[in-house]
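Visitor: Input work-v4.cif, format and content: mmCIF, C-alpha atoms.
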data_work
loop_
_atom_site.label_atom_id
_atom_site.label_comp_id
_atom_site.auth_asym_id
_atom_site.auth_seq_id
_atom_site.Cartn_x
_atom_site.Cartn_y
_atom_site.Cartn_z
CA MET A 29 230.31 157.49 102.98
CA VAL A 30 230.56 154.50 105.24
CA VAL A 31 230.86 155.43 108.90
CA TRP A 32 232.68 153.02 111.22
CA THR A 33 232.44 153.15 115.00
CA ASP A 34 235.52 152.42 117.12
CA PHE A 35 233.94 149.11 118.11
CA GLU A 36 233.50 148.19 114.45
CA ARG A 37 237.07 149.10 113.54
CA SER A 38 238.60 147.13 116.37
CA THR A 39 236.26 144.18 115.76
CA ILE A 40 237.34 143.86 112.13
CA GLU A 41 240.99 144.29 113.10
CA ASN A 42 240.54 141.58 115.73
CA ILE A 43 238.97 139.16 113.29
CA PHE A 44 241.82 139.54 110.82
CA SER A 45 244.42 139.12 113.54
CA LYS A 46 242.74 135.95 114.86
CA ILE A 47 242.02 134.02 111.67
CA ASN A 48 244.60 131.83 109.98
CA TYR A 49 244.74 133.15 106.40
CA GLU A 50 246.20 129.90 105.08
CA VAL A 51 243.20 127.99 106.42
CA VAL A 52 240.34 130.45 106.00
CA GLY A 53 241.12 131.64 102.45
CA PRO A 54 241.33 128.20 100.85
CA ALA A 55 238.42 126.89 102.96
CA ALA A 56 236.12 129.73 101.92
CA ILE A 57 236.83 129.51 98.23
CA SER A 58 236.69 125.72 98.06
CA ARG A 59 233.42 125.73 100.02
CA CYS A 60 232.00 128.22 97.51
CA LEU A 61 233.07 126.07 94.55
CA ILE A 62 231.49 123.00 96.18
CA VAL A 63 228.26 124.46 97.57
CA TYR A 64 227.62 126.70 94.53
CA PRO A 65 229.16 124.66 91.70
CA TRP A 66 228.26 127.15 88.96
CA THR A 67 230.98 129.41 90.38
CA GLN A 68 233.46 126.92 88.92
CA ARG A 69 232.86 128.55 85.57
CA TYR A 70 235.44 131.20 86.49
CA PHE A 71 238.18 128.70 87.25
CA GLY A 72 238.53 126.74 84.03
CA GLY A 73 242.30 126.96 84.18
CA PHE A 74 242.54 125.49 87.66
CA GLY A 75 242.65 121.82 86.65
CA ASN A 76 240.73 119.13 88.51
CA LEU A 77 237.53 120.45 90.12
CA TYR A 78 235.68 117.21 89.56
CA ASN A 79 234.43 116.60 93.08
CA ALA A 80 234.67 118.03 96.59
CA ALA A 81 237.85 116.10 97.44
CA ALA A 82 239.56 117.27 94.25
CA ILE A 83 238.58 120.89 94.90
CA ILE A 84 239.82 120.77 98.49
CA ASP A 85 243.15 119.22 97.41
CA ASN A 86 243.63 121.52 94.42
CA PRO A 87 246.72 123.70 95.03
CA LYS A 88 245.58 126.42 92.60
CA VAL A 89 242.30 126.77 94.49
CA ALA A 90 244.18 127.03 97.77
CA ALA A 91 246.58 129.61 96.37
CA HIS A 92 243.71 131.67 95.05
CA GLY A 93 241.95 131.51 98.41
CA LEU A 94 244.98 133.23 99.89
CA VAL A 95 244.91 135.90 97.15
CA VAL A 96 241.26 136.65 97.95
CA LEU A 97 241.95 136.90 101.68
CA LYS A 98 244.89 139.25 101.12
CA GLY A 99 242.50 141.39 99.08
CA LEU A 100 240.11 141.51 102.03
CA GLU A 101 242.99 142.43 104.33
CA LEU A 102 243.68 145.36 102.00
CA ALA A 103 240.10 146.48 102.59
CA GLN A 104 240.56 146.11 106.34
CA LYS A 105 243.70 148.28 106.22
CA ASN A 106 241.81 150.93 104.21
CA MET A 107 238.45 150.78 105.93
CA ASP A 108 237.68 154.46 105.38
CA ASN A 109 238.10 154.19 101.65
CA ILE A 110 237.31 150.69 100.49
CA LYS A 111 235.51 151.96 97.42
CA ALA A 112 238.56 153.79 96.07
CA THR A 113 240.96 151.06 97.20
CA PHE A 114 238.97 148.48 95.23
CA ALA A 115 238.33 150.58 92.10
CA ASP A 116 240.94 148.74 90.04
CA LEU A 117 239.90 145.36 91.43
CA SER A 118 236.32 146.15 90.50
CA LYS A 119 237.34 146.99 86.94
CA LEU A 120 239.38 143.81 86.80
CA HIS A 121 236.42 141.65 87.87
CA SER A 122 233.98 143.35 85.52
CA GLU A 123 236.04 143.95 82.38
CA LYS A 124 238.65 141.23 82.40
CA LEU A 125 237.39 138.39 84.58
CA LEU A 126 233.75 138.99 83.61
CA VAL A 127 232.43 137.76 86.94
CA ASP A 128 228.67 138.06 87.54
CA PRO A 129 228.66 140.29 90.65
CA ASP A 130 225.94 138.19 92.31
CA ASN A 131 228.72 135.65 92.87
CA PHE A 132 230.46 137.98 95.32
CA LYS A 133 227.66 137.39 97.80
CA LEU A 134 228.01 133.62 97.46
CA LEU A 135 231.70 133.81 98.32
CA THR A 136 231.22 136.21 101.24
CA ASP A 137 228.46 133.98 102.66
CA CYS A 138 230.88 131.04 102.61
CA LEU A 139 233.58 133.22 104.14
CA ALA A 140 231.29 134.24 107.00
CA ILE A 141 230.49 130.58 107.66
CA VAL A 142 234.16 129.57 107.63
CA VAL A 143 235.15 132.45 109.94
CA ALA A 144 232.26 131.60 112.29
CA ALA A 145 233.40 127.98 112.47
CA GLU A 146 237.01 129.09 113.05
CA LEU A 147 236.27 131.65 115.79
CA GLY A 148 233.46 129.70 117.49
CA GLU A 149 232.15 131.45 120.61
CA ASP A 150 234.23 134.56 119.89
CA PHE A 151 232.07 135.13 116.82
CA THR A 152 229.27 136.67 118.86
CA ALA A 153 226.13 138.12 117.27
CA GLU A 154 227.63 141.63 117.60
CA VAL A 155 230.90 140.59 115.94
CA HIS A 156 228.90 138.77 113.26
CA ALA A 157 226.89 141.92 112.52
CA VAL A 158 230.06 144.01 112.12
CA PHE A 159 231.66 141.41 109.85
CA GLN A 160 228.49 141.29 107.77
CA LYS A 161 228.59 145.09 107.40
CA PHE A 162 232.25 144.94 106.36
CA LEU A 163 231.56 142.23 103.76
CA ALA A 164 228.58 144.20 102.41
CA VAL A 165 230.82 147.25 101.91
CA VAL A 166 233.47 145.10 100.21
CA VAL A 167 230.89 143.59 97.86
CA ALA A 168 229.37 146.99 97.06
CA SER A 169 232.84 148.35 96.26
CA LEU A 170 233.60 145.42 93.98
CA ARG A 171 230.30 146.02 92.19
CA LYS A 172 230.93 149.74 91.84
CA GLN A 173 232.77 149.85 88.51
CA TYR A 174 230.39 147.48 86.75
CA TYR A 175 228.37 150.32 85.27
CA MET B 28 217.93 122.34 92.26
CA SER B 29 215.79 119.54 93.65
CA LEU B 30 217.00 117.13 96.28
CA SER B 31 218.70 113.95 95.11
CA GLY B 32 218.50 110.72 97.08
CA LYS B 33 221.99 111.49 98.36
CA ASP B 34 220.99 114.99 99.49
CA LYS B 35 218.05 113.56 101.44
CA SER B 36 220.11 110.93 103.23
CA VAL B 37 222.85 113.48 104.04
CA VAL B 38 220.24 115.87 105.47
CA ARG B 39 218.52 113.13 107.47
CA SER B 40 221.69 111.87 109.10
CA PHE B 41 223.01 115.37 109.70
CA TRP B 42 219.72 116.34 111.31
CA GLU B 43 220.00 113.39 113.70
CA LYS B 44 223.35 114.77 114.79
CA ILE B 45 222.23 118.37 115.29
CA SER B 46 218.62 117.94 116.46
CA PRO B 47 219.52 117.73 120.19
CA ARG B 48 220.64 121.37 119.87
CA ALA B 49 217.85 122.43 117.54
CA SER B 50 216.31 124.98 119.93
CA ASP B 51 219.68 126.64 120.60
CA ILE B 52 220.50 126.71 116.90
CA GLY B 53 217.15 128.27 116.03
CA GLY B 54 217.30 130.91 118.76
CA GLU B 55 220.87 131.82 117.89
CA ALA B 56 220.16 131.95 114.13
CA LEU B 57 217.12 134.19 114.53
CA GLY B 58 219.02 136.47 116.92
CA ARG B 59 221.91 136.80 114.51
CA MET B 60 219.59 137.50 111.60
CA LEU B 61 217.93 140.35 113.51
CA THR B 62 221.34 141.73 114.55
CA ALA B 63 223.32 141.32 111.32
CA TYR B 64 220.42 142.00 108.89
CA PRO B 65 218.44 144.69 110.70
CA GLN B 66 215.91 145.08 107.90
CA THR B 67 214.41 141.77 109.07
CA LYS B 68 213.40 143.44 112.34
CA THR B 69 210.46 144.99 110.52
CA TYR B 70 208.57 141.72 110.87
CA PHE B 71 208.83 141.68 114.64
CA SER B 72 207.78 145.16 115.66
CA HIS B 73 205.30 143.59 118.10
CA TRP B 74 208.12 142.25 120.31
CA SER B 75 209.61 144.36 123.09
CA ASP B 76 213.14 142.95 122.83
CA LEU B 77 214.78 142.23 119.47
CA SER B 78 218.30 141.66 120.76
CA ALA B 79 220.10 138.39 120.18
CA SER B 80 219.72 137.46 123.86
CA SER B 81 215.98 138.18 124.04
CA ALA B 82 213.75 135.45 125.46
CA GLN B 83 211.12 136.17 122.79
CA VAL B 84 213.74 135.70 120.07
CA LYS B 85 215.09 132.48 121.55
CA LYS B 86 211.60 131.02 121.93
CA HIS B 87 210.60 131.86 118.40
CA GLY B 88 213.88 130.58 117.00
CA ALA B 89 213.19 127.26 118.70
CA THR B 90 209.72 127.19 117.11
CA ILE B 91 211.21 127.81 113.68
CA MET B 92 213.85 125.13 114.09
CA ALA B 93 211.25 122.61 115.25
CA ALA B 94 209.43 123.27 111.98
CA VAL B 95 212.70 122.70 110.08
CA GLY B 96 212.89 119.35 111.85
CA GLU B 97 209.36 118.54 110.69
CA ALA B 98 210.44 119.47 107.18
CA VAL B 99 213.25 116.91 107.42
CA ASP B 100 210.59 114.29 108.17
CA LYS B 101 208.59 115.46 105.16
CA ILE B 102 211.61 115.77 102.90
CA ASP B 103 209.98 113.63 100.20
CA ASP B 104 207.12 116.10 99.80
CA LEU B 105 208.04 119.51 101.14
CA VAL B 106 205.39 121.41 99.18
CA GLY B 107 202.60 119.16 100.45
CA GLY B 108 204.01 118.84 103.94
CA LEU B 109 204.57 122.57 104.45
CA SER B 110 201.34 123.70 102.79
CA LYS B 111 199.72 124.96 106.01
CA LEU B 112 202.87 126.86 106.97
CA SER B 113 203.01 128.31 103.48
CA GLU B 114 199.46 129.59 103.83
CA LEU B 115 200.40 131.19 107.15
CA HIS B 116 203.42 132.97 105.66
CA ALA B 117 201.54 133.95 102.50
CA TYR B 118 198.26 135.24 103.84
CA LYS B 119 198.93 136.23 107.40
CA LEU B 120 202.62 136.95 107.94
CA ARG B 121 203.36 138.08 104.39
CA VAL B 122 207.12 137.71 104.80
CA ASP B 123 208.97 138.57 101.60
CA PRO B 124 210.45 135.23 100.47
CA ALA B 125 213.88 136.82 99.98
CA ASN B 126 214.14 136.71 103.75
CA PHE B 127 213.98 132.91 103.79
CA LYS B 128 217.43 132.93 102.19
CA ILE B 129 218.76 135.28 104.83
CA LEU B 130 217.50 133.09 107.67
CA SER B 131 218.81 129.96 105.91
CA HIS B 132 222.27 131.52 105.75
CA ASN B 133 222.18 132.30 109.45
CA ILE B 134 221.03 128.77 110.29
CA ALA B 135 223.93 127.34 108.25
CA LEU B 136 226.37 129.71 109.95
CA VAL B 137 225.24 128.74 113.48
CA VAL B 138 225.33 125.05 112.55
CA ALA B 139 228.92 125.58 111.30
CA MET B 140 229.80 127.21 114.63
CA TYR B 141 228.31 124.42 116.74
CA PHE B 142 229.42 121.50 114.55
CA PRO B 143 232.57 122.69 112.74
CA GLY B 144 233.91 119.22 112.10
CA ASP B 145 230.62 117.78 110.81
CA PHE B 146 229.51 120.68 108.61
CA THR B 147 231.84 119.76 105.75
CA PRO B 148 231.41 121.43 102.34
CA GLU B 149 229.51 118.36 101.11
CA VAL B 150 227.09 118.40 104.03
CA HIS B 151 226.77 122.17 103.59
CA LEU B 152 225.84 121.64 99.93
CA SER B 153 222.98 119.22 100.71
CA PHE B 154 221.82 121.21 103.74
CA ASP B 155 221.81 124.45 101.74
CA LYS B 156 219.81 122.80 98.96
CA PHE B 157 217.37 121.50 101.58
CA LEU B 158 216.88 124.93 103.17
CA GLN B 159 216.38 126.51 99.74
CA ASN B 160 213.72 123.91 98.97
CA VAL B 161 212.06 124.60 102.32
CA GLY B 162 212.01 128.29 101.39
CA LEU B 163 210.45 127.43 98.03
CA ALA B 164 207.83 125.25 99.68
CA LEU B 165 207.04 128.09 102.09
CA SER B 166 206.60 130.45 99.14
CA GLU B 167 204.29 128.04 97.30
CA ARG B 168 200.98 129.64 98.32
CA TYR B 169 202.09 133.25 97.85
CA ARG B 170 200.55 133.77 94.42
#
Can the structure from this file be put into structure tokens for me?

Guide:
Amino acid sequence: MVVWTDFERSTIENIFSKINYEVVGPAAISRCLIVYPWTQRYFGGFGNLYNAAAIIDNPKVAAHGLVVLKGLELAQKNMDNIKATFADLSKLHSEKLLVDPDNFKLLTDCLAIVVAAELGEDFTAEVHAVFQKFLAVVVASLRKQYY
Amino acid sequence: MSLSGKDKSVVRSFWEKISPRASDIGGEALGRMLTAYPQTKTYFSHWSDLSASSAQVKKHGATIMAAVGEAVDKIDDLVGGLSKLSELHAYKLRVDPANFKILSHNIALVVAMYFPGDFTPEVHLSFDKFLQNVGLALSERYR
């Protein structure tokens, strides 16, 4: 059972209230597709991913970035039960989308970097540590149904 | 995932931009690693203060980042250039090489915070490749 302190709860709530979903979601996913190009294997139907500019301009990538961020918001709203909240999503990623779960870490690393750049000084070491814990719980929950 | 000519020139010019703040970046990155990835604290049990604001942490972070700067200069032969450092990490410090990735992530994150406009995805790609290659060069003498 994951235990959250009051500081951790309010920190995560604060982060989600401060970030611009329309910027952060697309930025995180496009950065992942550019910095770790093998992740493009999961987005064959997205059209032109030929180079960084194409990925950044791709509307399907941007739309999907928003989907991912809304998923993370769902985790934030259900912080005491992320594992159960994400059970179906985990099954989806393992059985239907067939995503290698090691990729989740690549995306969350890019997300942390994008959020850090967006929040600047507000993203203190303490806030960073809480966000890292939150992302680790999210990733573990997404991995849960794989076996 | 070796460094192309383009990667090297991207890293060199990006390093010129960020090197004036290298000490701050290093201190901040090390502090964040110790705070956000507490398992890494096991390597620093000889320090009295492992918080992000600790003077010991800031000093050591600066040392690390200076070495990263030297690696930029030796980018054409990282294995040869970092051989002494690799021996240090392999025989004396015995840091599990998985931790190099953790520190690299924290360096990239701090760089993104300090230089949000310059740390574009393309620069991030080359810089990440560079840091991974530095980690590999550091692991060279392990076994």

Visitor: Tell me as a PyMOL selection string which residues belonging to chain B come within 6 Å of chain A, counting only C-alpha atoms.

Guide: chain B and resi 59+62-63+136+139-140+143+148+152

Visitor: Selected by the PyMOL selection byres ((chain A and resi 54) around 8) in the shown coordinates: which residues, as a VMD selection string?

Guide: chain A and resid 50 to 53 55 to 58 84 89 to 94

Visitor: Just give me the gap between CA of Ala168 in chain A and CA of Thr113 in chain A in Å, one decimal is fine.

Guide: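 Here the two named atoms are 12.3 Å from each other.
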
Visitor: Would you translate the PyMOL selection byres ((chain B and resi 110-123) around 12) into the concrete set of residues it matches in this file, as a compact mmCIF listing (two decimals) with C-alpha atoms, keeping the file's coordinate frame?

Guide:
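Once written, result.txt looks like this:
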# COMPACT_ATOMS: atom_id res chain seq x y z
CA GLN B 66 215.91 145.08 107.90
CA THR B 67 214.41 141.77 109.07
CA LYS B 68 213.40 143.44 112.34
CA THR B 69 210.46 144.99 110.52
CA TYR B 70 208.57 141.72 110.87
CA PHE B 71 208.83 141.68 114.64
CA ILE B 91 211.21 127.81 113.68
CA ALA B 94 209.43 123.27 111.98
CA VAL B 95 212.70 122.70 110.08
CA GLU B 97 209.36 118.54 110.69
CA ALA B 98 210.44 119.47 107.18
CA LYS B 101 208.59 115.46 105.16
CA ASP B 104 207.12 116.10 99.80
CA LEU B 105 208.04 119.51 101.14
CA VAL B 106 205.39 121.41 99.18
CA GLY B 107 202.60 119.16 100.45
CA GLY B 108 204.01 118.84 103.94
CA LEU B 109 204.57 122.57 104.45
CA PRO B 124 210.45 135.23 100.47
CA ALA B 125 213.88 136.82 99.98
CA ASN B 126 214.14 136.71 103.75
CA PHE B 127 213.98 132.91 103.79
CA LYS B 128 217.43 132.93 102.19
CA ILE B 129 218.76 135.28 104.83
CA LEU B 130 217.50 133.09 107.67
CA VAL B 161 212.06 124.60 102.32
CA GLY B 162 212.01 128.29 101.39
CA LEU B 163 210.45 127.43 98.03
CA ALA B 164 207.83 125.25 99.68
CA LEU B 165 207.04 128.09 102.09
CA SER B 166 206.60 130.45 99.14
CA GLU B 167 204.29 128.04 97.30
CA ARG B 168 200.98 129.64 98.32
CA TYR B 169 202.09 133.25 97.85
CA ARG B 170 200.55 133.77 94.42

Visitor: What is the distance between CA of Tyr174 in chain A and CA of Ser118 in chain A, in Å to one decimal?

Guide: 7.1 Å

Visitor: At the level of C-alpha atoms, write range 43-149 of chain A to a file as a PDB file, in the first residue's frame, please.

Guide:
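The result, stored in out_26.pdb:
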ATOM      1  CA  ILE A  43       1.713  20.376  -9.975  1.00  0.00           C
ATOM      2  CA  PHE A  44      -1.387  19.326 -11.877  1.00  0.00           C
ATOM      3  CA  SER A  45      -3.087  22.639 -11.228  1.00  0.00           C
ATOM      4  CA  LYS A  46      -0.038  24.603 -12.428  1.00  0.00           C
ATOM      5  CA  ILE A  47       0.906  22.783 -15.618  1.00  0.00           C
ATOM      6  CA  ASN A  48      -0.733  23.508 -18.949  1.00  0.00           C
ATOM      7  CA  TYR A  49      -1.997  20.097 -20.125  1.00  0.00           C
ATOM      8  CA  GLU A  50      -2.137  21.202 -23.752  1.00  0.00           C
ATOM      9  CA  VAL A  51       1.562  22.069 -23.647  1.00  0.00           C
ATOM     10  CA  VAL A  52       3.004  19.454 -21.301  1.00  0.00           C
ATOM     11  CA  GLY A  53       1.228  16.379 -22.714  1.00  0.00           C
ATOM     12  CA  PRO A  54       2.241  16.887 -26.343  1.00  0.00           C
ATOM     13  CA  ALA A  55       5.727  18.095 -25.337  1.00  0.00           C
ATOM     14  CA  ALA A  56       6.406  15.013 -23.219  1.00  0.00           C
ATOM     15  CA  ILE A  57       5.268  12.496 -25.773  1.00  0.00           C
ATOM     16  CA  SER A  58       6.972  14.180 -28.723  1.00  0.00           C
ATOM     17  CA  ARG A  59      10.204  14.478 -26.719  1.00  0.00           C
ATOM     18  CA  CYS A  60      10.008  10.747 -25.963  1.00  0.00           C
ATOM     19  CA  LEU A  61       9.482   9.886 -29.637  1.00  0.00           C
ATOM     20  CA  ILE A  62      12.458  12.077 -30.603  1.00  0.00           C
ATOM     21  CA  VAL A  63      14.942  11.235 -27.837  1.00  0.00           C
ATOM     22  CA  TYR A  64      14.072   7.505 -27.793  1.00  0.00           C
ATOM     23  CA  PRO A  65      13.105   6.865 -31.424  1.00  0.00           C
ATOM     24  CA  TRP A  66      12.409   3.153 -30.941  1.00  0.00           C
ATOM     25  CA  THR A  67       9.256   4.181 -29.062  1.00  0.00           C
ATOM     26  CA  GLN A  68       7.867   5.192 -32.459  1.00  0.00           C
ATOM     27  CA  ARG A  69       7.172   1.529 -33.066  1.00  0.00           C
ATOM     28  CA  TYR A  70       3.893   1.924 -31.162  1.00  0.00           C
ATOM     29  CA  PHE A  71       2.637   4.787 -33.296  1.00  0.00           C
ATOM     30  CA  GLY A  72       2.635   3.348 -36.802  1.00  0.00           C
ATOM     31  CA  GLY A  73      -0.796   4.782 -37.500  1.00  0.00           C
ATOM     32  CA  PHE A  74       0.173   8.326 -36.599  1.00  0.00           C
ATOM     33  CA  GLY A  75       1.470   9.375 -40.018  1.00  0.00           C
ATOM     34  CA  ASN A  76       4.619  11.439 -40.463  1.00  0.00           C
ATOM     35  CA  LEU A  77       7.178  10.848 -37.689  1.00  0.00           C
ATOM     36  CA  TYR A  78      10.107  11.303 -40.025  1.00  0.00           C
ATOM     37  CA  ASN A  79      12.050  13.899 -38.059  1.00  0.00           C
ATOM     38  CA  ALA A  80      11.797  16.044 -34.934  1.00  0.00           C
ATOM     39  CA  ALA A  81       9.917  18.857 -36.702  1.00  0.00           C
ATOM     40  CA  ALA A  82       7.377  16.417 -38.152  1.00  0.00           C
ATOM     41  CA  ILE A  83       6.821  14.778 -34.766  1.00  0.00           C
ATOM     42  CA  ILE A  84       6.349  18.122 -33.020  1.00  0.00           C
ATOM     43  CA  ASP A  85       3.864  19.291 -35.696  1.00  0.00           C
ATOM     44  CA  ASN A  86       1.978  15.992 -35.850  1.00  0.00           C
ATOM     45  CA  PRO A  87      -1.604  16.562 -34.611  1.00  0.00           C
ATOM     46  CA  LYS A  88      -2.130  12.883 -33.705  1.00  0.00           C
ATOM     47  CA  VAL A  89       0.952  12.968 -31.482  1.00  0.00           C
ATOM     48  CA  ALA A  90      -0.303  16.121 -29.792  1.00  0.00           C
ATOM     49  CA  ALA A  91      -3.762  14.656 -29.280  1.00  0.00           C
ATOM     50  CA  HIS A  92      -2.284  11.522 -27.777  1.00  0.00           C
ATOM     51  CA  GLY A  93      -0.113  13.576 -25.441  1.00  0.00           C
ATOM     52  CA  LEU A  94      -3.295  15.033 -24.013  1.00  0.00           C
ATOM     53  CA  VAL A  95      -4.815  11.544 -23.608  1.00  0.00           C
ATOM     54  CA  VAL A  96      -1.752  10.433 -21.628  1.00  0.00           C
ATOM     55  CA  LEU A  97      -1.864  13.493 -19.385  1.00  0.00           C
ATOM     56  CA  LYS A  98      -5.568  13.008 -18.680  1.00  0.00           C
ATOM     57  CA  GLY A  99      -4.676   9.452 -17.667  1.00  0.00           C
ATOM     58  CA  LEU A 100      -2.121  10.814 -15.209  1.00  0.00           C
ATOM     59  CA  GLU A 101      -4.707  13.245 -13.862  1.00  0.00           C
ATOM     60  CA  LEU A 102      -6.932  10.239 -13.197  1.00  0.00           C
ATOM     61  CA  ALA A 103      -4.126   8.798 -11.085  1.00  0.00           C
ATOM     62  CA  GLN A 104      -3.768  12.103  -9.244  1.00  0.00           C
ATOM     63  CA  LYS A 105      -7.508  12.115  -8.460  1.00  0.00           C
ATOM     64  CA  ASN A 106      -7.274   8.531  -7.166  1.00  0.00           C
ATOM     65  CA  MET A 107      -3.937   8.680  -5.400  1.00  0.00           C
ATOM     66  CA  ASP A 108      -4.897   6.150  -2.735  1.00  0.00           C
ATOM     67  CA  ASN A 109      -5.758   3.518  -5.277  1.00  0.00           C
ATOM     68  CA  ILE A 110      -3.756   4.035  -8.434  1.00  0.00           C
ATOM     69  CA  LYS A 111      -3.193   0.320  -8.850  1.00  0.00           C
ATOM     70  CA  ALA A 112      -6.908  -0.494  -9.035  1.00  0.00           C
ATOM     71  CA  THR A 113      -7.704   2.642 -11.043  1.00  0.00           C
ATOM     72  CA  PHE A 114      -5.156   1.614 -13.675  1.00  0.00           C
ATOM     73  CA  ALA A 115      -5.983  -2.115 -13.797  1.00  0.00           C
ATOM     74  CA  ASP A 116      -7.858  -1.850 -17.086  1.00  0.00           C
ATOM     75  CA  LEU A 117      -5.275   0.517 -18.557  1.00  0.00           C
ATOM     76  CA  SER A 118      -2.569  -1.952 -17.615  1.00  0.00           C
ATOM     77  CA  LYS A 119      -4.409  -4.777 -19.356  1.00  0.00           C
ATOM     78  CA  LEU A 120      -4.904  -2.555 -22.382  1.00  0.00           C
ATOM     79  CA  HIS A 121      -1.177  -1.766 -22.629  1.00  0.00           C
ATOM     80  CA  SER A 122      -0.105  -5.360 -22.126  1.00  0.00           C
ATOM     81  CA  GLU A 123      -2.708  -7.348 -24.062  1.00  0.00           C
ATOM     82  CA  LYS A 124      -3.876  -5.008 -26.786  1.00  0.00           C
ATOM     83  CA  LEU A 125      -1.195  -2.376 -27.324  1.00  0.00           C
ATOM     84  CA  LEU A 126       1.639  -4.812 -26.524  1.00  0.00           C
ATOM     85  CA  VAL A 127       3.878  -2.079 -25.137  1.00  0.00           C
ATOM     86  CA  ASP A 128       7.199  -3.170 -23.597  1.00  0.00           C
ATOM     87  CA  PRO A 129       6.767  -1.830 -20.040  1.00  0.00           C
ATOM     88  CA  ASP A 130      10.343  -0.518 -19.959  1.00  0.00           C
ATOM     89  CA  ASN A 131       9.036   2.213 -22.256  1.00  0.00           C
ATOM     90  CA  PHE A 132       6.892   3.642 -19.459  1.00  0.00           C
ATOM     91  CA  LYS A 133      10.042   4.832 -17.711  1.00  0.00           C
ATOM     92  CA  LEU A 134      11.273   6.554 -20.878  1.00  0.00           C
ATOM     93  CA  LEU A 135       8.038   8.521 -21.150  1.00  0.00           C
ATOM     94  CA  THR A 136       7.916   9.449 -17.458  1.00  0.00           C
ATOM     95  CA  ASP A 137      11.557  10.619 -17.606  1.00  0.00           C
ATOM     96  CA  CYS A 138      10.634  12.942 -20.487  1.00  0.00           C
ATOM     97  CA  LEU A 139       7.554  14.084 -18.600  1.00  0.00           C
ATOM     98  CA  ALA A 140       9.630  14.971 -15.527  1.00  0.00           C
ATOM     99  CA  ILE A 141      11.997  16.980 -17.718  1.00  0.00           C
ATOM    100  CA  VAL A 142       9.151  18.844 -19.430  1.00  0.00           C
ATOM    101  CA  VAL A 143       7.417  19.608 -16.112  1.00  0.00           C
ATOM    102  CA  ALA A 144      10.735  20.785 -14.624  1.00  0.00           C
ATOM    103  CA  ALA A 145      11.280  23.137 -17.555  1.00  0.00           C
ATOM    104  CA  GLU A 146       7.688  24.404 -17.280  1.00  0.00           C
ATOM    105  CA  LEU A 147       7.709  25.016 -13.509  1.00  0.00           C
ATOM    106  CA  GLY A 148      11.311  26.257 -13.257  1.00  0.00           C
ATOM    107  CA  GLU A 149      12.243  27.349  -9.739  1.00  0.00           C
TER     108      GLU A 149
END
